[in-house]
file target.pdb (PDB, C-alpha atoms and all ligand atoms)
ATOM      1  CA  MET A   1      -3.167 -34.575   2.093
ATOM      2  CA  VAL A   2      -2.569 -32.773   5.373
ATOM      3  CA  GLY A   3      -3.437 -29.102   5.772
ATOM      4  CA  GLU A   4      -6.189 -28.774   3.134
ATOM      5  CA  GLY A   5      -8.341 -25.624   2.775
ATOM      6  CA  SER A   6      -8.559 -22.233   1.066
ATOM      7  CA  PRO A   7      -7.375 -18.960   2.549
ATOM      8  CA  ASP A   8      -9.925 -16.250   3.270
ATOM      9  CA  LEU A   9      -8.198 -12.861   3.306
ATOM     10  CA  THR A  10     -11.317 -10.803   4.019
ATOM     11  CA  GLY A  11     -10.539 -10.642   7.753
ATOM     12  CA  ILE A  12      -7.327  -8.674   7.157
ATOM     13  CA  LYS A  13      -7.653  -4.904   7.585
ATOM     14  CA  GLY A  14      -5.838  -2.754   5.003
ATOM     15  CA  ASP A  15      -5.248  -3.338   1.297
ATOM     16  CA  GLY A  16      -1.470  -3.064   1.566
ATOM     17  CA  VAL A  17      -1.027  -5.794   4.136
ATOM     18  CA  ARG A  18      -3.702  -7.952   2.460
ATOM     19  CA  ASN A  19      -1.650  -7.754  -0.742
ATOM     20  CA  VAL A  20       1.469  -8.861   1.101
ATOM     21  CA  VAL A  21      -0.313 -11.934   2.480
ATOM     22  CA  GLU A  22      -1.805 -12.669  -0.943
ATOM     23  CA  SER A  23       1.629 -12.504  -2.552
ATOM     24  CA  ALA A  24       2.879 -15.025   0.015
ATOM     25  CA  TYR A  25       0.096 -17.480  -0.906
ATOM     26  CA  LEU A  26       0.957 -17.038  -4.592
ATOM     27  CA  ALA A  27       4.266 -18.814  -3.890
ATOM     28  CA  TYR A  28       2.134 -21.942  -3.338
ATOM     29  CA  ALA A  29       1.063 -22.007  -7.015
ATOM     30  CA  SER A  30       4.456 -23.364  -8.053
ATOM     31  CA  CYS A  31       5.795 -23.946  -4.604
ATOM     32  CA  SER A  32       8.898 -21.949  -3.812
ATOM     33  CA  VAL A  33       8.086 -21.418  -0.153
ATOM     34  CA  CYS A  34      11.388 -23.031   0.849
ATOM     35  CA  PRO A  35      14.722 -23.628  -0.916
ATOM     36  CA  ARG A  36      13.597 -27.020  -2.217
ATOM     37  CA  ASN A  37      11.521 -25.211  -4.846
ATOM     38  CA  CYS A  38       9.361 -28.290  -5.487
ATOM     39  CA  GLY A  39       7.233 -26.395  -8.031
ATOM     40  CA  VAL A  40       4.013 -28.219  -7.096
ATOM     41  CA  ASN A  41       0.696 -26.351  -7.023
ATOM     42  CA  ARG A  42      -0.363 -26.535  -3.387
ATOM     43  CA  LEU A  43      -3.406 -24.372  -4.114
ATOM     44  CA  GLU A  44      -4.655 -27.187  -6.376
ATOM     45  CA  GLY A  45      -3.956 -29.953  -3.875
ATOM     46  CA  GLU A  46      -0.524 -31.058  -5.060
ATOM     47  CA  MET A  47       2.108 -31.958  -2.469
ATOM     48  CA  GLY A  48       5.840 -31.489  -2.367
ATOM     49  CA  THR A  49       8.465 -32.884  -0.027
ATOM     50  CA  CYS A  50       6.820 -31.353   3.047
ATOM     51  CA  ARG A  51       3.522 -33.203   2.379
ATOM     52  CA  THR A  52       1.554 -30.143   3.438
ATOM     53  CA  GLY A  53      -1.383 -28.432   1.787
ATOM     54  CA  VAL A  54      -2.512 -24.839   2.090
ATOM     55  CA  PHE A  55      -2.920 -24.724   5.863
ATOM     56  CA  PRO A  56      -0.525 -25.870   8.585
ATOM     57  CA  VAL A  57      -1.034 -28.988  10.631
ATOM     58  CA  LEU A  58      -0.883 -28.159  14.312
ATOM     59  CA  SER A  59       0.671 -30.823  16.545
ATOM     60  CA  ALA A  60       0.622 -29.059  19.902
ATOM     61  CA  HIS A  61       0.627 -25.680  21.586
ATOM     62  CA  ASN A  62       1.448 -24.841  25.161
ATOM     63  CA  VAL A  63       3.443 -22.671  27.497
ATOM     64  CA  HIS A  64       6.826 -24.365  27.352
ATOM     65  CA  PHE A  65       9.973 -24.117  29.491
ATOM     66  CA  GLY A  66      12.453 -26.104  27.382
ATOM     67  CA  GLU A  67      14.041 -23.228  25.453
ATOM     68  CA  GLU A  68      16.930 -20.857  26.188
ATOM     69  CA  PRO A  69      16.559 -18.670  29.319
ATOM     70  CA  PRO A  70      15.685 -15.369  27.548
ATOM     71  CA  LEU A  71      12.830 -17.086  25.712
ATOM     72  CA  VAL A  72      11.467 -18.915  28.732
ATOM     73  CA  GLY A  73      11.884 -16.216  31.396
ATOM     74  CA  THR A  74       9.671 -16.844  34.395
ATOM     75  CA  ARG A  75       6.382 -17.521  32.611
ATOM     76  CA  GLY A  76       7.442 -19.687  29.669
ATOM     77  CA  SER A  77       7.409 -19.484  25.892
ATOM     78  CA  GLY A  78       4.086 -19.801  24.034
ATOM     79  CA  THR A  79       5.182 -22.637  21.797
ATOM     80  CA  VAL A  80       3.262 -23.728  18.710
ATOM     81  CA  PHE A  81       4.523 -26.979  17.140
ATOM     82  CA  PHE A  82       3.743 -27.437  13.458
ATOM     83  CA  ALA A  83       3.734 -30.889  11.862
ATOM     84  CA  ALA A  84       5.743 -31.976   8.811
ATOM     85  CA  CYS A  85       8.994 -30.355   7.680
ATOM     86  CA  ASN A  86      10.958 -29.369   4.602
ATOM     87  CA  LEU A  87      13.934 -31.399   5.874
ATOM     88  CA  SER A  88      13.989 -35.100   6.673
ATOM     89  CA  CYS A  89      16.710 -35.558   9.263
ATOM     90  CA  ASP A  90      17.745 -39.087  10.164
ATOM     91  CA  PHE A  91      18.229 -37.961  13.775
ATOM     92  CA  CYS A  92      15.138 -35.764  14.130
ATOM     93  CA  GLN A  93      14.338 -35.564  17.839
ATOM     94  CA  ASN A  94      10.687 -34.752  17.002
ATOM     95  CA  PHE A  95      10.136 -37.242  14.191
ATOM     96  CA  PRO A  96       6.557 -38.262  15.127
ATOM     97  CA  ILE A  97       5.639 -34.618  14.492
ATOM     98  CA  SER A  98       8.021 -33.762  11.656
ATOM     99  CA  GLN A  99       7.942 -37.005   9.687
ATOM    100  CA  MET A 100       4.766 -38.802  10.778
ATOM    101  CA  ASP A 101       2.767 -35.557  10.625
ATOM    102  CA  TYR A 102       0.853 -36.009  13.888
ATOM    103  CA  GLY A 103      -1.692 -33.217  14.281
ATOM    104  CA  LYS A 104      -4.724 -31.542  12.748
ATOM    105  CA  PRO A 105      -5.055 -28.853  10.056
ATOM    106  CA  VAL A 106      -5.651 -25.410  11.470
ATOM    107  CA  THR A 107      -6.788 -22.166   9.843
ATOM    108  CA  PRO A 108      -4.894 -18.873  10.213
ATOM    109  CA  GLU A 109      -7.871 -17.514  12.163
ATOM    110  CA  LYS A 110      -7.680 -20.363  14.671
ATOM    111  CA  LEU A 111      -3.912 -19.938  14.959
ATOM    112  CA  ALA A 112      -4.331 -16.234  15.745
ATOM    113  CA  GLU A 113      -6.778 -17.159  18.517
ATOM    114  CA  ILE A 114      -4.256 -19.660  19.904
ATOM    115  CA  TYR A 115      -1.509 -16.995  20.003
ATOM    116  CA  LEU A 116      -3.798 -14.624  21.890
ATOM    117  CA  ASP A 117      -4.732 -17.376  24.334
ATOM    118  CA  LEU A 118      -1.050 -18.187  24.976
ATOM    119  CA  GLU A 119      -0.391 -14.499  25.597
ATOM    120  CA  LYS A 120      -3.324 -14.387  28.005
ATOM    121  CA  ARG A 121      -1.833 -17.357  29.864
ATOM    122  CA  GLY A 122       1.305 -15.269  30.472
ATOM    123  CA  ALA A 123       3.684 -16.501  27.753
ATOM    124  CA  HIS A 124       6.566 -14.100  27.118
ATOM    125  CA  ASN A 125       6.407 -14.736  23.373
ATOM    126  CA  ILE A 126       4.779 -16.766  20.600
ATOM    127  CA  ASN A 127       7.294 -19.384  19.473
ATOM    128  CA  LEU A 128       6.553 -20.857  16.024
ATOM    129  CA  VAL A 129       8.374 -24.179  15.721
ATOM    130  CA  THR A 130       9.166 -25.450  12.188
ATOM    131  CA  PRO A 131       7.377 -22.788  10.114
ATOM    132  CA  SER A 132       9.582 -22.789   6.951
ATOM    133  CA  HIS A 133       7.184 -24.839   4.777
ATOM    134  CA  ILE A 134       4.037 -22.909   5.780
ATOM    135  CA  VAL A 135       5.096 -19.269   5.724
ATOM    136  CA  PRO A 136       1.985 -17.974   3.855
ATOM    137  CA  PRO A 137      -0.603 -19.075   6.462
ATOM    138  CA  VAL A 138       1.808 -18.300   9.295
ATOM    139  CA  LEU A 139       2.168 -14.730   8.013
ATOM    140  CA  HIS A 140      -1.620 -14.591   7.607
ATOM    141  CA  SER A 141      -2.091 -15.687  11.219
ATOM    142  CA  LEU A 142       0.440 -13.140  12.503
ATOM    143  CA  VAL A 143      -1.268 -10.289  10.672
ATOM    144  CA  LEU A 144      -4.632 -11.276  12.157
ATOM    145  CA  ALA A 145      -3.191 -11.725  15.646
ATOM    146  CA  ARG A 146      -1.488  -8.305  15.609
ATOM    147  CA  GLN A 147      -4.665  -6.683  14.292
ATOM    148  CA  TRP A 148      -6.610  -8.406  17.079
ATOM    149  CA  GLY A 149      -4.198  -7.066  19.723
ATOM    150  CA  LEU A 150      -1.271  -9.501  20.155
ATOM    151  CA  LYS A 151       1.542  -7.646  21.950
ATOM    152  CA  VAL A 152       4.266 -10.166  22.836
ATOM    153  CA  PRO A 153       7.230 -10.836  20.502
ATOM    154  CA  VAL A 154       6.961 -13.501  17.811
ATOM    155  CA  VAL A 155       9.775 -16.067  17.509
ATOM    156  CA  TYR A 156      10.456 -17.762  14.148
ATOM    157  CA  ASN A 157      12.057 -21.040  15.284
ATOM    158  CA  SER A 158      13.275 -22.774  12.133
ATOM    159  CA  ASN A 159      15.668 -25.418  10.820
ATOM    160  CA  GLY A 160      17.366 -22.616   8.874
ATOM    161  CA  TYR A 161      16.406 -23.989   5.444
ATOM    162  CA  ASP A 162      14.421 -20.862   4.623
ATOM    163  CA  SER A 163      13.604 -18.961   1.446
ATOM    164  CA  ILE A 164      14.851 -15.381   1.182
ATOM    165  CA  PRO A 165      11.683 -14.072  -0.575
ATOM    166  CA  MET A 166       9.532 -15.605   2.183
ATOM    167  CA  LEU A 167      11.735 -14.130   4.906
ATOM    168  CA  ARG A 168      11.414 -10.704   3.282
ATOM    169  CA  LEU A 169       7.621 -10.969   3.478
ATOM    170  CA  LEU A 170       7.936 -11.708   7.187
ATOM    171  CA  GLU A 171       9.894  -8.516   7.855
ATOM    172  CA  GLY A 172       8.163  -6.508  10.558
ATOM    173  CA  TRP A 173       5.987  -9.463  11.633
ATOM    174  CA  VAL A 174       8.715 -11.545  13.257
ATOM    175  CA  ASP A 175      10.628 -10.086  16.215
ATOM    176  CA  ILE A 176      13.076 -12.864  17.031
ATOM    177  CA  TYR A 177      14.660 -15.262  14.560
ATOM    178  CA  LEU A 178      15.880 -18.562  16.028
ATOM    179  CA  PRO A 179      17.394 -20.534  13.111
ATOM    180  CA  ASP A 180      19.478 -23.676  13.217
ATOM    181  CA  MET A 181      22.816 -23.799  11.454
ATOM    182  CA  LYS A 182      22.986 -27.582  11.156
ATOM    183  CA  TYR A 183      25.793 -28.175   8.668
ATOM    184  CA  SER A 184      28.746 -26.588   6.956
ATOM    185  CA  ASP A 185      29.095 -29.349   4.358
ATOM    186  CA  ASP A 186      26.398 -30.049   1.766
ATOM    187  CA  LEU A 187      27.452 -33.671   1.562
ATOM    188  CA  TRP A 188      26.277 -34.327   5.128
ATOM    189  CA  ALA A 189      23.214 -32.110   4.719
ATOM    190  CA  ARG A 190      22.164 -34.238   1.762
ATOM    191  CA  ARG A 191      22.973 -37.572   3.354
ATOM    192  CA  ILE A 192      21.522 -36.898   6.773
ATOM    193  CA  SER A 193      18.741 -34.351   6.140
ATOM    194  CA  LYS A 194      17.989 -34.954   2.423
ATOM    195  CA  ALA A 195      18.544 -31.267   1.644
ATOM    196  CA  ASP A 196      20.334 -29.882  -1.403
ATOM    197  CA  SER A 197      22.407 -26.698  -1.096
ATOM    198  CA  TYR A 198      21.623 -26.429   2.616
ATOM    199  CA  VAL A 199      24.799 -24.507   3.434
ATOM    200  CA  ALA A 200      24.322 -21.640   0.963
ATOM    201  CA  ALA A 201      20.579 -21.392   1.650
ATOM    202  CA  ASN A 202      21.115 -21.488   5.408
ATOM    203  CA  ARG A 203      23.874 -18.876   5.444
ATOM    204  CA  ALA A 204      21.903 -16.529   3.189
ATOM    205  CA  ALA A 205      18.845 -16.957   5.427
ATOM    206  CA  VAL A 206      20.811 -16.197   8.596
ATOM    207  CA  LYS A 207      22.256 -13.036   7.045
ATOM    208  CA  GLU A 208      18.788 -11.894   5.966
ATOM    209  CA  MET A 209      17.400 -12.587   9.444
ATOM    210  CA  PHE A 210      20.208 -10.581  11.018
ATOM    211  CA  ARG A 211      19.615  -7.723   8.572
ATOM    212  CA  GLN A 212      15.983  -7.569   9.688
ATOM    213  CA  VAL A 213      16.280  -7.821  13.449
ATOM    214  CA  GLY A 214      19.944  -7.332  14.413
ATOM    215  CA  ARG A 215      21.515  -8.647  17.579
ATOM    216  CA  LEU A 216      19.451 -10.077  20.403
ATOM    217  CA  VAL A 217      17.981  -7.417  22.687
ATOM    218  CA  LEU A 218      16.809  -8.278  26.201
ATOM    219  CA  ASP A 219      14.553  -6.224  28.437
ATOM    220  CA  GLY A 220      15.370  -5.272  32.022
ATOM    221  CA  GLU A 221      14.259  -8.690  33.236
ATOM    222  CA  GLY A 222      16.431 -10.589  30.760
ATOM    223  CA  ILE A 223      13.575 -11.511  28.426
ATOM    224  CA  ALA A 224      14.272 -11.423  24.674
ATOM    225  CA  ARG A 225      12.400  -8.662  22.860
ATOM    226  CA  LYS A 226      13.999  -8.685  19.405
ATOM    227  CA  GLY A 227      16.941 -10.036  17.449
ATOM    228  CA  LEU A 228      18.716 -13.140  16.187
ATOM    229  CA  MET A 229      19.788 -16.230  18.115
ATOM    230  CA  ILE A 230      21.555 -18.955  16.145
ATOM    231  CA  ARG A 231      21.340 -22.569  17.268
ATOM    232  CA  HIS A 232      23.819 -25.328  16.546
ATOM    233  CA  LEU A 233      23.351 -28.918  17.698
ATOM    234  CA  ILE A 234      26.732 -30.577  18.255
ATOM    235  CA  MET A 235      26.705 -33.824  16.288
ATOM    236  CA  PRO A 236      28.828 -36.954  16.733
ATOM    237  CA  ASN A 237      31.901 -37.401  14.533
ATOM    238  CA  GLY A 238      31.991 -33.714  13.593
ATOM    239  CA  LEU A 239      29.174 -34.168  11.069
ATOM    240  CA  GLY A 240      27.696 -30.733  11.790
ATOM    241  CA  GLY A 241      30.941 -28.953  10.873
ATOM    242  CA  TRP A 242      30.734 -26.556  13.810
ATOM    243  CA  ASP A 243      34.233 -25.117  13.216
ATOM    244  CA  GLU A 244      33.291 -23.732   9.788
ATOM    245  CA  THR A 245      29.893 -22.545  10.993
ATOM    246  CA  ALA A 246      31.456 -20.710  13.940
ATOM    247  CA  LYS A 247      33.919 -19.017  11.575
ATOM    248  CA  PHE A 248      31.043 -17.978   9.316
ATOM    249  CA  ILE A 249      29.097 -16.501  12.225
ATOM    250  CA  ALA A 250      32.093 -14.568  13.559
ATOM    251  CA  ARG A 251      33.016 -13.262  10.101
ATOM    252  CA  GLU A 252      29.613 -12.586   8.497
ATOM    253  CA  VAL A 253      27.284 -11.899  11.412
ATOM    254  CA  GLY A 254      29.845 -10.696  13.943
ATOM    255  CA  THR A 255      31.127 -11.829  17.297
ATOM    256  CA  GLU A 256      28.217 -10.033  18.945
ATOM    257  CA  ALA A 257      25.878 -12.682  17.489
ATOM    258  CA  THR A 258      23.986 -14.669  20.094
ATOM    259  CA  VAL A 259      24.738 -18.366  19.697
ATOM    260  CA  SER A 260      23.040 -21.269  21.400
ATOM    261  CA  LEU A 261      25.258 -24.345  21.367
ATOM    262  CA  MET A 262      23.246 -27.470  22.067
ATOM    263  CA  ALA A 263      24.560 -30.754  23.451
ATOM    264  CA  GLN A 264      21.318 -32.747  23.539
ATOM    265  CA  TYR A 265      21.912 -34.925  20.453
ATOM    266  CA  PHE A 266      20.793 -38.512  20.904
ATOM    267  CA  PRO A 267      20.253 -41.180  18.266
ATOM    268  CA  THR A 268      16.640 -41.709  17.348
ATOM    269  CA  ASN A 269      14.575 -42.384  14.250
ATOM    270  CA  ARG A 270      16.743 -43.656  11.313
ATOM    271  CA  SER A 271      19.999 -42.506  12.918
ATOM    272  CA  MET A 272      19.977 -45.545  15.218
ATOM    273  CA  ARG A 273      20.778 -47.686  12.163
ATOM    274  CA  LYS A 274      23.572 -45.424  10.825
ATOM    275  CA  PRO A 275      26.990 -46.018  12.406
ATOM    276  CA  LEU A 276      28.201 -42.399  12.308
ATOM    277  CA  LEU A 277      24.984 -41.138  13.919
ATOM    278  CA  ALA A 278      24.175 -43.948  16.318
ATOM    279  CA  ARG A 279      25.611 -42.516  19.527
ATOM    280  CA  ARG A 280      25.521 -39.434  21.717
ATOM    281  CA  ILE A 281      28.384 -36.946  21.523
ATOM    282  CA  THR A 282      31.400 -37.650  23.699
ATOM    283  CA  GLU A 283      32.688 -35.287  26.368
ATOM    284  CA  GLU A 284      35.741 -34.685  24.163
ATOM    285  CA  GLU A 285      33.535 -33.609  21.241
ATOM    286  CA  TYR A 286      31.635 -31.328  23.587
ATOM    287  CA  ASP A 287      34.846 -29.722  24.865
ATOM    288  CA  GLN A 288      36.116 -29.240  21.298
ATOM    289  CA  ALA A 289      32.889 -27.456  20.343
ATOM    290  CA  LEU A 290      33.301 -25.120  23.317
ATOM    291  CA  GLU A 291      36.909 -24.429  22.427
ATOM    292  CA  ILE A 292      35.802 -23.390  18.949
ATOM    293  CA  LEU A 293      33.222 -21.072  20.484
ATOM    294  CA  PHE A 294      35.962 -19.429  22.549
ATOM    295  CA  GLN A 295      38.471 -19.339  19.676
ATOM    296  CA  GLU A 296      35.973 -17.446  17.506
ATOM    297  CA  ASN A 297      35.132 -15.149  20.417
ATOM    298  CA  LEU A 298      31.425 -15.996  20.236
ATOM    299  CA  MET A 299      30.747 -15.097  23.840
ATOM    300  CA  GLU A 300      27.180 -13.796  23.548
ATOM    301  CA  GLY A 301      24.860 -16.676  24.118
ATOM    302  CA  TYR A 302      24.265 -20.013  25.750
ATOM    303  CA  VAL A 303      25.645 -23.503  25.850
ATOM    304  CA  GLN A 304      23.962 -26.567  27.184
ATOM    305  CA  GLU A 305      25.880 -28.383  29.865
ATOM    306  CA  PHE A 306      26.949 -31.872  28.878
ATOM    307  CA  ASP A 307      23.889 -33.020  30.837
ATOM    308  CA  SER A 308      21.714 -30.537  28.864
ATOM    309  CA  GLU A 309      21.343 -27.563  31.217
ATOM    310  CA  TRP A 310      21.778 -24.053  29.788
ATOM    311  CA  ARG A 311      24.587 -21.744  30.853
ATOM    312  CA  ASP A 312      26.331 -18.508  29.864
ATOM    313  CA  PRO A 313      29.633 -19.256  28.021
ATOM    314  CA  SER A 314      31.239 -15.983  29.125
ATOM    315  CA  ALA A 315      30.972 -17.081  32.762
ATOM    316  CA  SER A 316      34.067 -19.290  32.758
ATOM    317  CA  GLU A 317      36.904 -20.831  30.793
ATOM    318  CA  PRO A 318      36.179 -24.104  28.946
ATOM    319  CA  ALA A 319      38.020 -26.239  31.504
ATOM    320  CA  GLU A 320      35.651 -25.053  34.239
ATOM    321  CA  ILE A 321      32.453 -25.706  32.367
ATOM    322  CA  PRO A 322      31.030 -28.686  34.264
ATOM    323  CA  GLU A 323      31.152 -26.696  37.505
ATOM    324  CA  THR A 324      29.333 -23.554  36.335
ATOM    325  CA  GLU A 325      25.842 -22.517  37.219
ATOM    326  CA  SER A 326      23.243 -23.368  34.569
ATOM    327  CA  GLY A 327      20.553 -21.224  33.035
ATOM    328  CA  ARG A 328      22.015 -17.745  33.553
ATOM    329  CA  LYS A 329      21.209 -14.951  31.149
ATOM    330  CA  ILE A 330      23.710 -13.196  28.958
ATOM    331  CA  ALA A 331      25.989 -10.913  30.947
TER
HETATM  332  S1  LIG A 401       7.528 -25.702   1.171
HETATM  333 FE1  LIG A 401       7.201 -27.906   0.808
HETATM  334  S2  LIG A 401       6.315 -28.076  -1.271
HETATM  335 FE2  LIG A 401       7.180 -26.006  -1.039
HETATM  336  S3  LIG A 401       9.216 -26.077  -1.871
HETATM  337 FE3  LIG A 401       9.419 -26.492   0.323
HETATM  338  S4  LIG A 401       9.272 -28.727   0.605
HETATM  339 FE4  LIG A 401       8.553 -28.211  -1.482
END
call {"tool": "encode", "arguments": {"input": "target.pdb", "output": "structure tokens"}}
result
Amino acid sequence: MVGEGSPDLTGIKGDGVRNVVESAYLAYASCSVCPRNCGVNRLEGEMGTCRTGVFPVLSAHNVHFGEEPPLVGTRGSGTVFFAACNLSCDFCQNFPISQMDYGKPVTPEKLAEIYLDLEKRGAHNINLVTPSHIVPPVLHSLVLARQWGLKVPVVYNSNGYDSIPMLRLLEGWVDIYLPDMKYSDDLWARRISKADSYVAANRAAVKEMFRQVGRLVLDGEGIARKGLMIRHLIMPNGLGGWDETAKFIAREVGTEATVSLMAQYFPTNRSMRKPLLARRITEEEYDQALEILFQENLMEGYVQEFDSEWRDPSASEPAEIPETESGRKIA
């Protein structure tokens, strides 16, 4: 089993917050940490779909420049990549980490030290990548890091298959939510990512995230301080259902929602053997996705150029997109 160990809560100052962290770990006893609700006892060494024990497995951590401009700024995002995942996407672009579980178990104390070190190295934020299956120790690490002096915003960078009770425990500890909205049809979520009821769980999670942190707020230098940014990866053959997702965002979150539309899909992992997934998106599919963005008036955010650079969608009309400057912040 990956991520074995027992939590030690004695380092947390304050009974109230210690109780909150303890209640998060209790969800491990019959695991309901994510919407899969596997019901295994992770405290006793059982494993569910995410193959993870009590503690996270850390794959990598570094100051990273591959995210959207308000996360990267001038000094980079302090990115912490966790191994394993509660989804199993045929096209996962990080499958050695998410499905082959490359990495080493790490305690919440060690994680807190890593966050502080990334902050010391100048990172604008701490960016937790794929945390949905390990919320209890992640919360534990955030509490310790804040009590030890962490100042920069914390980014919860998830696949969007998140549990509402876990998100509620994170309230006040996460500053920026960065969820995917991968699908608008459960059929494709099940076939491609092996997830049941993804659409309802994902939409409920996004609404809860927005309730907690509201719209994205940037500081005077264009660096994100707080709020929600929704990501959607454009998939070939319309499998991601972007039209319905865009309608949901405009209707339920509001047209002021910050959306990051990503064009970097490429076939890898099992998707190379599946005809509908085994190619990049076409330029026509890319243009259609942008048209939907404009139709729904989702003008706050970023799109990747067809060659994967970031740009501000409010800067031009869709027909002019290939000629626009990349990487500009929201107007
Ligand atoms: S966190 Fe892991 S074990 Fe728990 S419900 Fe989700 S997939 Fe299952």
call {"tool": "closest_atom_pairs", "arguments": {"input": "target.pdb", "of": "chain A", "to": "ligand LIG 401 (chain A)", "cutoff": "7 Å", "atoms": "only C-alpha atoms and all ligand atoms", "output": "tab-separated table"}}
result
residue	atom	partner	partner_atom	distance
A:Tyr28	CA	A:LIG401	FE2	6.9
A:Cys31	CA	A:LIG401	FE2	4.3
A:Ser32	CA	A:LIG401	S3	4.6
A:Val33	CA	A:LIG401	S1	4.5
A:Cys34	CA	A:LIG401	FE3	4.0
A:Pro35	CA	A:LIG401	S3	6.1
A:Arg36	CA	A:LIG401	S3	4.5
A:Asn37	CA	A:LIG401	S3	3.9
A:Cys38	CA	A:LIG401	FE4	4.1
A:Gly39	CA	A:LIG401	S3	6.5
A:Val40	CA	A:LIG401	S2	6.3
A:Met47	CA	A:LIG401	S2	5.8
A:Gly48	CA	A:LIG401	S2	3.6
A:Thr49	CA	A:LIG401	S4	4.3
A:Cys50	CA	A:LIG401	FE1	4.1
A:Arg51	CA	A:LIG401	FE1	6.6
A:Thr52	CA	A:LIG401	FE1	6.6
A:Asn86	CA	A:LIG401	S4	4.4
A:Ser132	CA	A:LIG401	S1	6.8
A:His133	CA	A:LIG401	S1	3.7
A:Ile134	CA	A:LIG401	S1	6.4
call {"tool": "residues_near_point", "arguments": {"input": "target.pdb", "point": "(18.7, -6.9, 21.0)", "cutoff": "12 Å", "atoms": "all atoms listed in the file", "output": "ChimeraX atom specification"}}
result
/A:70,175-177,210,212-220,222-229,256-258,300-301,330
call {"tool": "write_last_selection", "arguments": {"input": "target.pdb", "atoms": "C-alpha atoms", "output": "short mmCIF file (atom, residue, chain, number, x, y, z; two decimals), in the frame of the given file"}}
result
data_model
loop_
_atom_site.label_atom_id
_atom_site.label_comp_id
_atom_site.auth_asym_id
_atom_site.auth_seq_id
_atom_site.Cartn_x
_atom_site.Cartn_y
_atom_site.Cartn_z
CA PRO A 70 15.68 -15.37 27.55
CA ASP A 175 10.63 -10.09 16.22
CA ILE A 176 13.08 -12.86 17.03
CA TYR A 177 14.66 -15.26 14.56
CA PHE A 210 20.21 -10.58 11.02
CA GLN A 212 15.98 -7.57 9.69
CA VAL A 213 16.28 -7.82 13.45
CA GLY A 214 19.94 -7.33 14.41
CA ARG A 215 21.52 -8.65 17.58
CA LEU A 216 19.45 -10.08 20.40
CA VAL A 217 17.98 -7.42 22.69
CA LEU A 218 16.81 -8.28 26.20
CA ASP A 219 14.55 -6.22 28.44
CA GLY A 220 15.37 -5.27 32.02
CA GLY A 222 16.43 -10.59 30.76
CA ILE A 223 13.58 -11.51 28.43
CA ALA A 224 14.27 -11.42 24.67
CA ARG A 225 12.40 -8.66 22.86
CA LYS A 226 14.00 -8.68 19.40
CA GLY A 227 16.94 -10.04 17.45
CA LEU A 228 18.72 -13.14 16.19
CA MET A 229 19.79 -16.23 18.11
CA GLU A 256 28.22 -10.03 18.94
CA ALA A 257 25.88 -12.68 17.49
CA THR A 258 23.99 -14.67 20.09
CA GLU A 300 27.18 -13.80 23.55
CA GLY A 301 24.86 -16.68 24.12
CA ILE A 330 23.71 -13.20 28.96
#
call {"tool": "resolve_selection", "arguments": {"input": "target.pdb", "expression": "the PyMOL selection byres (((chain A and resi 193) around 7) and not hetatm)", "output": "ChimeraX atom specification"}}
result
/A:87-90,189-192,194-195
call {"tool": "atom_distance", "arguments": {"input": "target.pdb", "atom1": "CA of Gly78 (chain A)", "atom2": "CA of Ser141 (chain A)"}}
result
14.8 Å
call {"tool": "residues_around", "arguments": {"input": "target.pdb", "residues": "region 238-249 of chain A", "least_positions_apart": "4", "cutoff": "6 Å", "atoms": "only C-alpha atoms", "output": "short mmCIF file (atom, residue, chain, number, x, y, z; two decimals) with C-alpha atoms, in the coordinates of the input"}}
result
data_model
loop_
_atom_site.label_atom_id
_atom_site.label_comp_id
_atom_site.auth_asym_id
_atom_site.auth_seq_id
_atom_site.Cartn_x
_atom_site.Cartn_y
_atom_site.Cartn_z
CA LYS A 182 22.99 -27.58 11.16
CA TYR A 183 25.79 -28.18 8.67
CA SER A 184 28.75 -26.59 6.96
CA VAL A 253 27.28 -11.90 11.41
#
call {"tool": "closest_residue", "arguments": {"input": "target.pdb", "among": "A:Asp307, A:Gly76, A:Val57, A:Gly66", "to": "Ser98 (chain A)", "atoms": "all atoms listed in the file"}}
result
A:Val57
call {"tool": "atom_distance", "arguments": {"input": "target.pdb", "atom1": "CA of Arg42 (chain A)", "atom2": "CA of Glu22 (chain A)"}}
result
14.2 Å
call {"tool": "resolve_selection", "arguments": {"input": "target.pdb", "expression": "the PyMOL selection byres (((chain A and resi 263) around 8) and not hetatm)", "output": "PDB file with C-alpha atoms, in the frame of the given file"}}
result
ATOM      1  CA  LEU A 233      23.351 -28.918  17.698  1.00  0.00           C
ATOM      2  CA  ILE A 234      26.732 -30.577  18.255  1.00  0.00           C
ATOM      3  CA  LEU A 261      25.258 -24.345  21.367  1.00  0.00           C
ATOM      4  CA  MET A 262      23.246 -27.470  22.067  1.00  0.00           C
ATOM      5  CA  GLN A 264      21.318 -32.747  23.539  1.00  0.00           C
ATOM      6  CA  TYR A 265      21.912 -34.925  20.453  1.00  0.00           C
ATOM      7  CA  ILE A 281      28.384 -36.946  21.523  1.00  0.00           C
ATOM      8  CA  TYR A 286      31.635 -31.328  23.587  1.00  0.00           C
ATOM      9  CA  VAL A 303      25.645 -23.503  25.850  1.00  0.00           C
ATOM     10  CA  GLN A 304      23.962 -26.567  27.184  1.00  0.00           C
ATOM     11  CA  GLU A 305      25.880 -28.383  29.865  1.00  0.00           C
ATOM     12  CA  PHE A 306      26.949 -31.872  28.878  1.00  0.00           C
ATOM     13  CA  ASP A 307      23.889 -33.020  30.837  1.00  0.00           C
ATOM     14  CA  SER A 308      21.714 -30.537  28.864  1.00  0.00           C
TER      15      SER A 308
END
